[in-house]
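For reference, the structure is listed below as structure tokens.
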Amino acid sequence: MARPMRIKNARPDPDGTTSRPLAVLFDRDGTLVLDVPYNGDPARVRPVPGAAQALARLRTAGVATAVVSNQSGIARGLLTRADVDAVNARVEELLGPLGPVLVCEHSPDDGCSCRKPAPGLVLQAAAALGVPPQRCVVIGDIGADVGAARAAGARPVLVPTAVTRQEEIDDAPEVAADLAAAVDLLLGVAVPAGPP
Ligand SMILES: [Mg+2]
Ligand SMILES: [Zn+2]
């Protein structure tokens, strides 16, 4: 990653949300797999490096996982729900069991309650796993993921990519350089403090 990055991983814990999470809800595109806009082709799925290992570490630690993904390409007529399901199946084939996969099929103009940064997908995933949203972490690559976590009362962790905007990084309460660092943060593995 060329961009200098602050790792913000120390904060007070008044509400217990920095204790070990019961579940981690992952954004899909740009977080678990490389972002191919409106991808409906399983053959084009490429995991983000470290994604399989990050998921495996969480499974081993007994932390449940899920995926929360905006797929407005469905509303836009660019791909079908079956396409999205086929891509999700390929992601699971490459990365191992993901847990529940929650998808928003709407467009930004639909005013739905599930398209991130609205909280709906996060709340649905938490309900599917039977855990309170306050004990869930959302890992994503853009501000909408952070916003959805906040709106649902979950804990956001941003893992930026080259396309993440600096304002989104500045706004995120916790930022990790990659998925391995994010899991270190969540499982309480000691990591060197970043520059202030
Ligand atoms: Mg994303
Ligand atoms: Zn929606």
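FYI, nothing fancy with the structure tokens labels: chains A, B, ... in order, residues from 1 per chain, ligands from 1 as they appear.
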
Residues of chain A in strand (DSSP E or B) according to DSSP, as an MDAnalysis selection string? chainID A and resid 23:26 29 33 47 64:70 101:104 136:140 155:158 175

Within 10 Å of region 42-51 of chain A, counting only C-alpha atoms, which residues qualify if same-chain residues fewer than 6 places away don't, as an MDAnalysis selection string? chainID A and resid 28:36 57 83:91 94:96 178:181

Closest atom pairs, chain A residues within 7 Å of ligand 2, only C-alpha atoms and all ligand atoms, as CSV:
```
residue,atom,partner,partner_atom_place_in_ligand_line,distance
A:Cys104,CA,ligand 2,1 (Zn),4.0
A:Glu105,CA,ligand 2,1 (Zn),5.5
A:His106,CA,ligand 2,1 (Zn),4.4
A:Cys112,CA,ligand 2,1 (Zn),4.6
A:Ser113,CA,ligand 2,1 (Zn),5.8
A:Cys114,CA,ligand 2,1 (Zn),3.9
A:Arg115,CA,ligand 2,1 (Zn),4.1
```

Let me see the file: selected residues, C-alpha atoms, as a compact mmCIF listing (two decimals), in the first residue's frame.
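The resulting out-v5.txt:
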```
# COMPACT_ATOMS: atom_id res chain seq x y z
CA CYS A 104 -29.12 -5.55 -1.11
CA GLU A 105 -30.55 -5.75 -4.62
CA HIS A 106 -31.73 -2.13 -4.71
CA CYS A 112 -34.39 0.96 0.84
CA SER A 113 -33.33 0.29 4.41
CA CYS A 114 -30.70 -2.28 3.47
CA ARG A 115 -28.30 -0.56 1.05
```

Please give the complete set of residues from region 15-160 of chain A that DSSP, run on the backbone, assigns to alpha helix (DSSP H), formatted as a PyMOL selection string. chain A and resi 51-60+81-95+120-129+143-152

Surrounding residues of Arg59 (chain A) excluding itself and chain neighbours under 4 positions, 12 Å, only C-alpha atoms, as a ChimeraX atom specification: /A:22-24,52-55,63-66,95-99,183,187

Restricted to all heavy atoms, what would the selected residues look like written as a tab-separated table (two decimals), in the first residue's frame?
```
chain	number	residue	atom	x	y	z
A	22	LEU	N	-18.52	-11.27	18.60
A	22	LEU	CA	-19.17	-12.57	18.40
A	22	LEU	C	-19.26	-12.89	16.92
A	22	LEU	O	-19.36	-14.07	16.54
A	22	LEU	CB	-20.57	-12.56	19.00
A	22	LEU	CG	-20.65	-12.38	20.52
A	22	LEU	CD1	-22.10	-12.35	20.98
A	22	LEU	CD2	-19.89	-13.50	21.23
A	23	ALA	N	-19.24	-11.86	16.09
A	23	ALA	CA	-19.37	-12.08	14.65
A	23	ALA	C	-18.64	-10.97	13.89
A	23	ALA	O	-18.58	-9.83	14.35
A	23	ALA	CB	-20.83	-12.10	14.23
A	24	VAL	N	-18.12	-11.34	12.73
A	24	VAL	CA	-17.52	-10.37	11.82
A	24	VAL	C	-18.28	-10.44	10.50
A	24	VAL	O	-18.39	-11.52	9.90
A	24	VAL	CB	-16.02	-10.64	11.60
A	24	VAL	CG1	-15.45	-9.66	10.58
A	24	VAL	CG2	-15.26	-10.52	12.92
A	52	ALA	N	-8.72	-15.79	2.70
A	52	ALA	CA	-9.02	-17.14	3.17
A	52	ALA	C	-8.44	-17.35	4.57
A	52	ALA	O	-9.09	-17.92	5.46
A	52	ALA	CB	-8.47	-18.18	2.19
A	53	GLN	N	-7.21	-16.86	4.77
A	53	GLN	CA	-6.57	-17.04	6.08
A	53	GLN	C	-7.30	-16.25	7.16
A	53	GLN	O	-7.45	-16.72	8.30
A	53	GLN	CB	-5.10	-16.58	5.99
A	53	GLN	CG	-4.24	-17.42	5.06
A	53	GLN	CD	-4.27	-16.97	3.60
A	53	GLN	OE1	-5.20	-16.28	3.15
A	53	GLN	NE2	-3.25	-17.37	2.84
A	54	ALA	N	-7.74	-15.05	6.82
A	54	ALA	CA	-8.46	-14.22	7.81
A	54	ALA	C	-9.74	-14.92	8.24
A	54	ALA	O	-10.05	-14.99	9.44
A	54	ALA	CB	-8.77	-12.85	7.21
A	55	LEU	N	-10.48	-15.44	7.28
A	55	LEU	CA	-11.71	-16.16	7.61
A	55	LEU	C	-11.41	-17.40	8.44
A	55	LEU	O	-12.11	-17.71	9.41
A	55	LEU	CB	-12.44	-16.55	6.32
A	55	LEU	CG	-13.21	-15.42	5.64
A	55	LEU	CD1	-13.46	-15.75	4.17
A	55	LEU	CD2	-14.53	-15.16	6.35
A	63	VAL	N	-15.39	-17.21	16.13
A	63	VAL	CA	-16.10	-15.99	15.75
A	63	VAL	C	-16.91	-16.27	14.49
A	63	VAL	O	-16.36	-16.70	13.48
A	63	VAL	CB	-15.12	-14.82	15.50
A	63	VAL	CG1	-15.86	-13.56	15.07
A	63	VAL	CG2	-14.27	-14.56	16.75
A	64	ALA	N	-18.21	-16.03	14.56
A	64	ALA	CA	-19.07	-16.26	13.40
A	64	ALA	C	-18.77	-15.24	12.32
A	64	ALA	O	-18.27	-14.14	12.59
A	64	ALA	CB	-20.53	-16.17	13.82
A	65	THR	N	-19.09	-15.60	11.08
A	65	THR	CA	-18.88	-14.66	9.97
A	65	THR	C	-20.13	-14.59	9.10
A	65	THR	O	-20.97	-15.48	9.10
A	65	THR	CB	-17.68	-15.07	9.09
A	65	THR	OG1	-17.94	-16.35	8.50
A	65	THR	CG2	-16.39	-15.13	9.91
A	66	ALA	N	-20.20	-13.49	8.36
A	66	ALA	CA	-21.27	-13.29	7.37
A	66	ALA	C	-20.75	-12.31	6.34
A	66	ALA	O	-19.67	-11.72	6.51
A	66	ALA	CB	-22.54	-12.76	8.04
A	95	LEU	N	-12.85	-19.36	-0.64
A	95	LEU	CA	-12.49	-18.85	0.69
A	95	LEU	C	-12.97	-19.72	1.84
A	95	LEU	O	-12.60	-19.48	2.98
A	95	LEU	CB	-13.05	-17.44	0.88
A	95	LEU	CG	-12.54	-16.38	-0.09
A	95	LEU	CD1	-13.12	-15.02	0.25
A	95	LEU	CD2	-11.01	-16.33	-0.10
A	96	GLY	N	-13.79	-20.71	1.54
A	96	GLY	CA	-14.36	-21.51	2.62
A	96	GLY	C	-15.67	-20.91	3.07
A	96	GLY	O	-16.11	-19.88	2.56
A	97	PRO	N	-16.31	-21.58	4.06
A	97	PRO	CA	-17.64	-21.15	4.49
A	97	PRO	C	-17.66	-19.69	4.94
A	97	PRO	O	-16.82	-19.25	5.72
A	97	PRO	CB	-17.94	-22.07	5.67
A	97	PRO	CG	-17.06	-23.26	5.48
A	97	PRO	CD	-15.83	-22.76	4.78
A	98	LEU	N	-18.63	-18.94	4.40
A	98	LEU	CA	-18.71	-17.51	4.69
A	98	LEU	C	-19.72	-17.21	5.78
A	98	LEU	O	-19.69	-16.13	6.36
A	98	LEU	CB	-19.14	-16.74	3.43
A	98	LEU	CG	-18.24	-16.89	2.20
A	98	LEU	CD1	-18.93	-16.27	0.99
A	98	LEU	CD2	-16.88	-16.25	2.45
A	99	GLY	N	-20.66	-18.15	6.03
A	99	GLY	CA	-21.80	-17.82	6.86
A	99	GLY	C	-22.89	-17.19	6.01
A	99	GLY	O	-22.82	-17.23	4.78
A	183	VAL	N	-7.86	-8.76	11.57
A	183	VAL	CA	-8.13	-9.90	12.44
A	183	VAL	C	-7.24	-9.85	13.68
A	183	VAL	O	-7.69	-10.15	14.79
A	183	VAL	CB	-7.98	-11.23	11.67
A	183	VAL	CG1	-8.08	-12.43	12.61
A	183	VAL	CG2	-9.05	-11.32	10.59
A	187	LEU	N	-8.86	-10.00	17.36
A	187	LEU	CA	-8.58	-11.13	18.24
A	187	LEU	C	-7.60	-10.74	19.35
A	187	LEU	O	-7.19	-11.59	20.14
A	187	LEU	CB	-8.03	-12.31	17.43
A	187	LEU	CG	-9.00	-12.90	16.40
A	187	LEU	CD1	-8.38	-14.11	15.71
A	187	LEU	CD2	-10.33	-13.27	17.04
```

Could you list, as JSON, numbers by chain, all the residues within 12 Å of ligand 1, counting only C-alpha atoms and all ligand atoms? {"A": [26, 27, 28, 29, 30, 31, 32, 33, 34, 35, 36, 37, 38, 48, 67, 68, 69, 70, 71, 116, 117, 138, 139, 140, 141, 142, 143, 144, 145, 146, 158, 159, 160, 161, 162, 163, 164]}

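Interatomic distance, CA of Ala75 (chain A) against CA of Ala118 (chain A): 16.8 Å.
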